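Below is the file input.cif, which contains mmCIF, C-alpha atoms.
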```
data_model
#
loop_
_atom_site.group_PDB
_atom_site.id
_atom_site.type_symbol
_atom_site.label_atom_id
_atom_site.label_comp_id
_atom_site.auth_asym_id
_atom_site.auth_seq_id
_atom_site.Cartn_x
_atom_site.Cartn_y
_atom_site.Cartn_z
ATOM 1 C CA MET A 52 122.618 34.600 37.601
ATOM 2 C CA GLN A 53 119.834 35.830 35.387
ATOM 3 C CA TRP A 54 118.141 38.972 36.639
ATOM 4 C CA PRO A 55 114.644 40.264 35.837
ATOM 5 C CA ASP A 56 114.358 42.338 32.665
ATOM 6 C CA PHE A 57 113.291 45.454 34.559
ATOM 7 C CA TYR A 58 116.589 45.654 36.495
ATOM 8 C CA SER A 59 118.617 48.672 35.404
ATOM 9 C CA GLU A 60 122.156 48.401 34.051
ATOM 10 C CA ASN A 61 123.828 48.660 37.475
ATOM 11 C CA CYS A 62 121.348 46.493 39.318
ATOM 12 C CA PRO A 63 122.143 44.710 41.484
ATOM 13 C CA PRO A 64 125.041 46.916 42.572
ATOM 14 C CA ALA A 65 128.579 45.566 42.366
ATOM 15 C CA GLU A 66 128.958 45.976 46.152
ATOM 16 C CA ALA A 67 126.188 43.477 46.888
ATOM 17 C CA LYS A 68 127.321 40.204 48.441
ATOM 18 C CA PRO A 69 126.021 36.675 47.847
ATOM 19 C CA ALA A 70 122.841 36.144 49.864
ATOM 20 C CA SER A 71 123.411 34.309 53.130
ATOM 21 C CA GLY A 72 122.249 34.229 56.715
ATOM 22 C CA THR A 73 118.996 34.663 58.591
ATOM 23 C CA VAL A 74 116.669 37.449 57.489
ATOM 24 C CA TYR A 75 113.148 38.576 58.314
ATOM 25 C CA ARG A 76 110.538 39.823 55.855
ATOM 26 C CA LEU A 77 106.965 41.029 56.054
ATOM 27 C CA VAL A 78 104.610 38.738 54.114
ATOM 28 C CA LYS A 79 100.861 38.569 53.498
ATOM 29 C CA HIS A 80 100.417 34.797 53.496
ATOM 30 C CA ASN A 81 101.034 31.862 55.806
ATOM 31 C CA PRO A 82 102.791 29.927 54.453
ATOM 32 C CA PRO A 83 104.656 32.515 52.365
ATOM 33 C CA GLN A 84 103.908 32.502 48.641
ATOM 34 C CA ALA A 85 105.566 33.763 45.462
ATOM 35 C CA LYS A 86 103.544 36.988 45.563
ATOM 36 C CA ASP A 87 105.116 37.790 48.965
ATOM 37 C CA PHE A 88 108.440 38.141 47.183
ATOM 38 C CA LEU A 89 107.656 40.782 44.592
ATOM 39 C CA SER A 90 109.802 43.886 44.427
ATOM 40 C CA THR A 91 108.211 47.272 45.048
ATOM 41 C CA TRP A 92 108.406 47.847 41.288
ATOM 42 C CA GLU A 93 106.376 44.673 40.648
ATOM 43 C CA GLU A 94 103.969 45.059 43.568
ATOM 44 C CA PHE A 95 102.936 48.607 42.634
ATOM 45 C CA PRO A 96 102.959 48.837 38.830
ATOM 46 C CA GLY A 97 102.649 52.381 37.543
ATOM 47 C CA ARG A 98 103.560 54.021 40.846
ATOM 48 C CA PHE A 99 107.093 54.867 39.739
ATOM 49 C CA PRO A 100 108.215 56.269 36.373
ATOM 50 C CA GLU A 101 111.017 53.721 36.068
ATOM 51 C CA PRO A 102 112.694 51.084 38.206
ATOM 52 C CA ASN A 103 115.762 51.904 40.229
ATOM 53 C CA ILE A 104 118.115 49.834 42.340
ATOM 54 C CA ARG A 105 116.179 50.372 45.566
ATOM 55 C CA ILE A 106 112.688 49.471 44.321
ATOM 56 C CA SER A 107 113.971 46.551 42.238
ATOM 57 C CA GLY A 108 115.057 44.682 45.358
ATOM 58 C CA LEU A 109 113.184 43.422 48.403
ATOM 59 C CA SER A 110 113.432 44.717 51.948
ATOM 60 C CA VAL A 111 114.636 42.275 54.564
ATOM 61 C CA TYR A 112 115.980 42.751 58.075
ATOM 62 C CA THR A 113 118.669 40.901 59.985
ATOM 63 C CA ASP A 114 117.364 41.958 63.428
ATOM 64 C CA PRO A 115 113.850 40.693 64.239
ATOM 65 C CA LYS A 116 113.406 43.607 66.677
ATOM 66 C CA ASP A 117 113.310 45.967 63.705
ATOM 67 C CA ILE A 118 109.976 44.545 62.513
ATOM 68 C CA PRO A 119 107.859 45.843 65.447
ATOM 69 C CA ARG A 120 109.685 49.191 65.201
ATOM 70 C CA LEU A 121 108.811 49.327 61.496
ATOM 71 C CA PHE A 122 105.140 48.645 62.241
ATOM 72 C CA GLU A 123 105.041 51.276 64.962
ATOM 73 C CA ARG A 124 106.617 53.910 62.759
ATOM 74 C CA LEU A 125 104.469 53.195 59.699
ATOM 75 C CA LYS A 126 101.193 51.838 61.106
ATOM 76 C CA ASN A 127 99.168 54.939 60.284
ATOM 77 C CA ARG A 128 100.923 55.837 57.042
ATOM 78 C CA ILE A 129 101.273 52.681 54.998
ATOM 79 C CA GLY A 130 98.051 50.689 54.948
ATOM 80 C CA HIS A 131 99.374 47.788 52.881
ATOM 81 C CA LEU A 132 101.673 46.780 55.756
ATOM 82 C CA ARG A 133 98.941 46.520 58.402
ATOM 83 C CA ASN A 134 98.034 42.874 57.932
ATOM 84 C CA ARG A 135 101.497 41.525 57.229
ATOM 85 C CA LYS A 136 103.127 38.710 59.132
ATOM 86 C CA THR A 137 106.780 38.297 60.033
ATOM 87 C CA ALA A 138 108.560 35.487 58.209
ATOM 88 C CA LYS A 139 112.041 34.183 58.899
ATOM 89 C CA GLY A 140 114.241 32.837 56.138
ATOM 90 C CA GLU A 141 117.674 31.325 55.670
ATOM 91 C CA LEU A 142 119.303 32.788 52.573
ATOM 92 C CA ASN A 143 121.939 31.081 50.487
ATOM 93 C CA PRO A 144 123.950 32.246 47.445
ATOM 94 C CA THR A 145 121.568 30.585 44.962
ATOM 95 C CA LEU A 146 118.933 33.128 46.061
ATOM 96 C CA GLY A 147 120.746 36.197 44.763
ATOM 97 C CA VAL A 148 122.668 39.007 46.379
ATOM 98 C CA ILE A 149 122.124 41.276 49.358
ATOM 99 C CA GLN A 150 123.420 44.631 50.552
ATOM 100 C CA HIS A 151 123.162 46.411 53.895
ATOM 101 C CA THR A 152 121.043 49.498 53.180
ATOM 102 C CA PRO A 153 120.126 50.924 56.588
ATOM 103 C CA SER A 154 117.260 53.366 56.730
ATOM 104 C CA PHE A 155 115.142 54.011 59.807
ATOM 105 C CA GLU A 156 115.805 50.409 60.776
ATOM 106 C CA LYS A 157 119.512 49.738 61.166
ATOM 107 C CA SER A 158 119.340 46.110 60.056
ATOM 108 C CA HIS A 159 117.572 46.870 56.744
ATOM 109 C CA HIS A 160 119.056 45.093 53.736
ATOM 110 C CA THR A 161 118.062 45.106 50.096
ATOM 111 C CA TRP A 162 117.909 41.685 48.478
ATOM 112 C CA TRP A 163 117.944 41.150 44.709
ATOM 113 C CA ILE A 164 116.499 37.832 43.581
ATOM 114 C CA PRO A 165 117.371 36.172 40.256
ATOM 115 C CA ILE A 166 114.642 34.797 38.033
ATOM 116 C CA GLU A 167 113.608 31.157 38.293
ATOM 117 C CA THR A 168 114.199 30.931 42.029
ATOM 118 C CA GLU A 169 111.657 30.163 44.753
ATOM 119 C CA PRO A 170 112.677 32.240 47.781
ATOM 120 C CA TRP A 171 109.396 31.633 49.629
ATOM 121 C CA LEU A 172 110.445 28.020 50.177
ATOM 122 C CA VAL A 173 113.123 29.038 52.698
ATOM 123 C CA PHE A 174 110.760 31.244 54.758
ATOM 124 C CA THR A 175 108.451 30.382 57.653
ATOM 125 C CA VAL A 176 105.964 32.721 59.337
ATOM 126 C CA ILE A 177 107.030 33.265 62.946
ATOM 127 C CA SER A 178 104.499 35.912 64.004
ATOM 128 C CA GLU A 179 100.978 36.718 62.858
#
```

Mind turning the file's structure into C-alpha cells?
Amino acid sequence: MQWPDFYSENCPPAEAKPASGTVYRLVKHNPPQAKDFLSTWEEFPGRFPEPNIRISGLSVYTDPKDIPRLFERLKNRIGHLRNRKTAKGELNPTLGVIQHTPSFEKSHHTWWIPIETEPWLVFTVISE
C-alpha cells in the first residue's frame, strides 16, 4: 500500500491489522464525502508541529453506543463535532489498516488509509 507523504517512518504501526468489519465515524456530510475522511493532521493544518501516528490516522468506533457518549463528553469543548452525523461503514483490507486504540471510548480504533482509495463509498449516514 502507498501511504500519504506526511506519515512518519513508523506509521502505520507494525501492530495494525488489515482493515475489516463494521465501524462508525462522525462525518459532516450526508452522503459522506472525501473531506469527511481527512486525518486530524490534514483537517487542522498548522495546529501541530509535526504529524505523529495518532493524528495521521482517523478515529472510528466499533460500538455505535460510543458515539452518543463521545458527544456528551465533548459537546461543550469541541465545537467542530457539534454538527456531525454518525456514519456506518464496512471496512475491507483494500482500505488500509486499523488498530484498537481505546481512549475514553473503549471501542475507539485508529484507521490509516492508503492514498488513492475512496473510503467514503463504503459509509452510509445512520443518524443525523

Inset, instruction - Tell me, as number ranges by chain, which residues lie within 12 Å of Pro55 of chain A, counting all atoms listed in the file; anything in the same chain fewer than 3 positions away does not count. - result: A: 52, 58-60, 62-63, 89-90, 92-93, 102, 107-108, 147, 163-168

Writer output for current selection, C-alpha atoms, as a JSON list (two decimals), in the coordinates of the input:
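To be explicit, this is the file written out as selection-v8.json:
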```json
[["chain", "number", "residue", "atom", "x", "y", "z"],
["A", 52, "MET", "CA", 122.62, 34.60, 37.60],
["A", 58, "TYR", "CA", 116.59, 45.65, 36.49],
["A", 59, "SER", "CA", 118.62, 48.67, 35.40],
["A", 60, "GLU", "CA", 122.16, 48.40, 34.05],
["A", 62, "CYS", "CA", 121.35, 46.49, 39.32],
["A", 63, "PRO", "CA", 122.14, 44.71, 41.48],
["A", 89, "LEU", "CA", 107.66, 40.78, 44.59],
["A", 90, "SER", "CA", 109.80, 43.89, 44.43],
["A", 92, "TRP", "CA", 108.41, 47.85, 41.29],
["A", 93, "GLU", "CA", 106.38, 44.67, 40.65],
["A", 102, "PRO", "CA", 112.69, 51.08, 38.21],
["A", 107, "SER", "CA", 113.97, 46.55, 42.24],
["A", 108, "GLY", "CA", 115.06, 44.68, 45.36],
["A", 147, "GLY", "CA", 120.75, 36.20, 44.76],
["A", 163, "TRP", "CA", 117.94, 41.15, 44.71],
["A", 164, "ILE", "CA", 116.50, 37.83, 43.58],
["A", 165, "PRO", "CA", 117.37, 36.17, 40.26],
["A", 166, "ILE", "CA", 114.64, 34.80, 38.03],
["A", 167, "GLU", "CA", 113.61, 31.16, 38.29],
["A", 168, "THR", "CA", 114.20, 30.93, 42.03]]
```

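Here atom CA of Ala70 of chain A is placed at a distance of 14.7 Å from atom CA of Ser158 of chain A.
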
Inset, instruction - Please identify all polymer residues within 12 Å of Leu109 of chain A, counting all atoms listed in the file, omitting same-chain residues fewer than 3 positions from it, and present them as JSON, numbers by chain. - result: {"A": [63, 74, 75, 76, 77, 78, 86, 87, 88, 89, 90, 91, 92, 93, 94, 104, 105, 106, 112, 147, 148, 149, 150, 151, 152, 159, 160, 161, 162, 163, 164, 165, 170]}

Go ahead and save the residues from that selection, with C-alpha atoms, as a CSV table (one decimal), keeping the file's coordinate frame.
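Output saved as again29.csv:
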```
chain,number,residue,atom,x,y,z
A,63,PRO,CA,122.1,44.7,41.5
A,74,VAL,CA,116.7,37.4,57.5
A,75,TYR,CA,113.1,38.6,58.3
A,76,ARG,CA,110.5,39.8,55.9
A,77,LEU,CA,107.0,41.0,56.1
A,78,VAL,CA,104.6,38.7,54.1
A,86,LYS,CA,103.5,37.0,45.6
A,87,ASP,CA,105.1,37.8,49.0
A,88,PHE,CA,108.4,38.1,47.2
A,89,LEU,CA,107.7,40.8,44.6
A,90,SER,CA,109.8,43.9,44.4
A,91,THR,CA,108.2,47.3,45.0
A,92,TRP,CA,108.4,47.8,41.3
A,93,GLU,CA,106.4,44.7,40.6
A,94,GLU,CA,104.0,45.1,43.6
A,104,ILE,CA,118.1,49.8,42.3
A,105,ARG,CA,116.2,50.4,45.6
A,106,ILE,CA,112.7,49.5,44.3
A,112,TYR,CA,116.0,42.8,58.1
A,147,GLY,CA,120.7,36.2,44.8
A,148,VAL,CA,122.7,39.0,46.4
A,149,ILE,CA,122.1,41.3,49.4
A,150,GLN,CA,123.4,44.6,50.6
A,151,HIS,CA,123.2,46.4,53.9
A,152,THR,CA,121.0,49.5,53.2
A,159,HIS,CA,117.6,46.9,56.7
A,160,HIS,CA,119.1,45.1,53.7
A,161,THR,CA,118.1,45.1,50.1
A,162,TRP,CA,117.9,41.7,48.5
A,163,TRP,CA,117.9,41.2,44.7
A,164,ILE,CA,116.5,37.8,43.6
A,165,PRO,CA,117.4,36.2,40.3
A,170,PRO,CA,112.7,32.2,47.8
```

Legend entry - Straight-line distance linking atom CA of Val173 of chain A with atom CA of Thr113 of chain A, stated in Å to one decimal: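 Computing it gives 15.0 Å between the two atoms.
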
Inset, instruction - Have a look at A:Glu101, A:Glu169, A:Glu156, A:Glu66 and name the one nearest to Asp117 of chain A; count all atoms listed in the file. - result: A:Glu156

Enclose segment 77-88 of chain A, meaning all of its atoms listed in the file, in a box aligned along x, y and z, pad it by 8 Å on each side, and list the centre and edge lengths in Å to one decimal, as JSON.
```
{"center_x": 104.4, "center_y": 35.5, "center_z": 50.8, "size_x": 24.0, "size_y": 27.1, "size_z": 26.6}
```

Long-range neighbours of Gly72 of chain A as a compact mmCIF listing (two decimals) with C-alpha atoms, in the frame of the given file, 8 Å cut-off, all atoms listed in the file, 5 positions minimum in chain:
```txt
# COMPACT_ATOMS: atom_id res chain seq x y z
CA GLU A 141 117.67 31.32 55.67
CA LEU A 142 119.30 32.79 52.57
CA ASN A 143 121.94 31.08 50.49
```

Legend entry - Residues returned when the PyMOL selection byres ((chain A and resi 177) around 10) runs on this file, as an MDAnalysis selection string: chainID A and resid 75 81 136:140 174:176 178:179

Inset, instruction - Using atom CA of Gln84 of chain A and atom CA of Trp171 of chain A as the two end points, give the distance in Å to one decimal. - result: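 It comes out at 5.6 Å.
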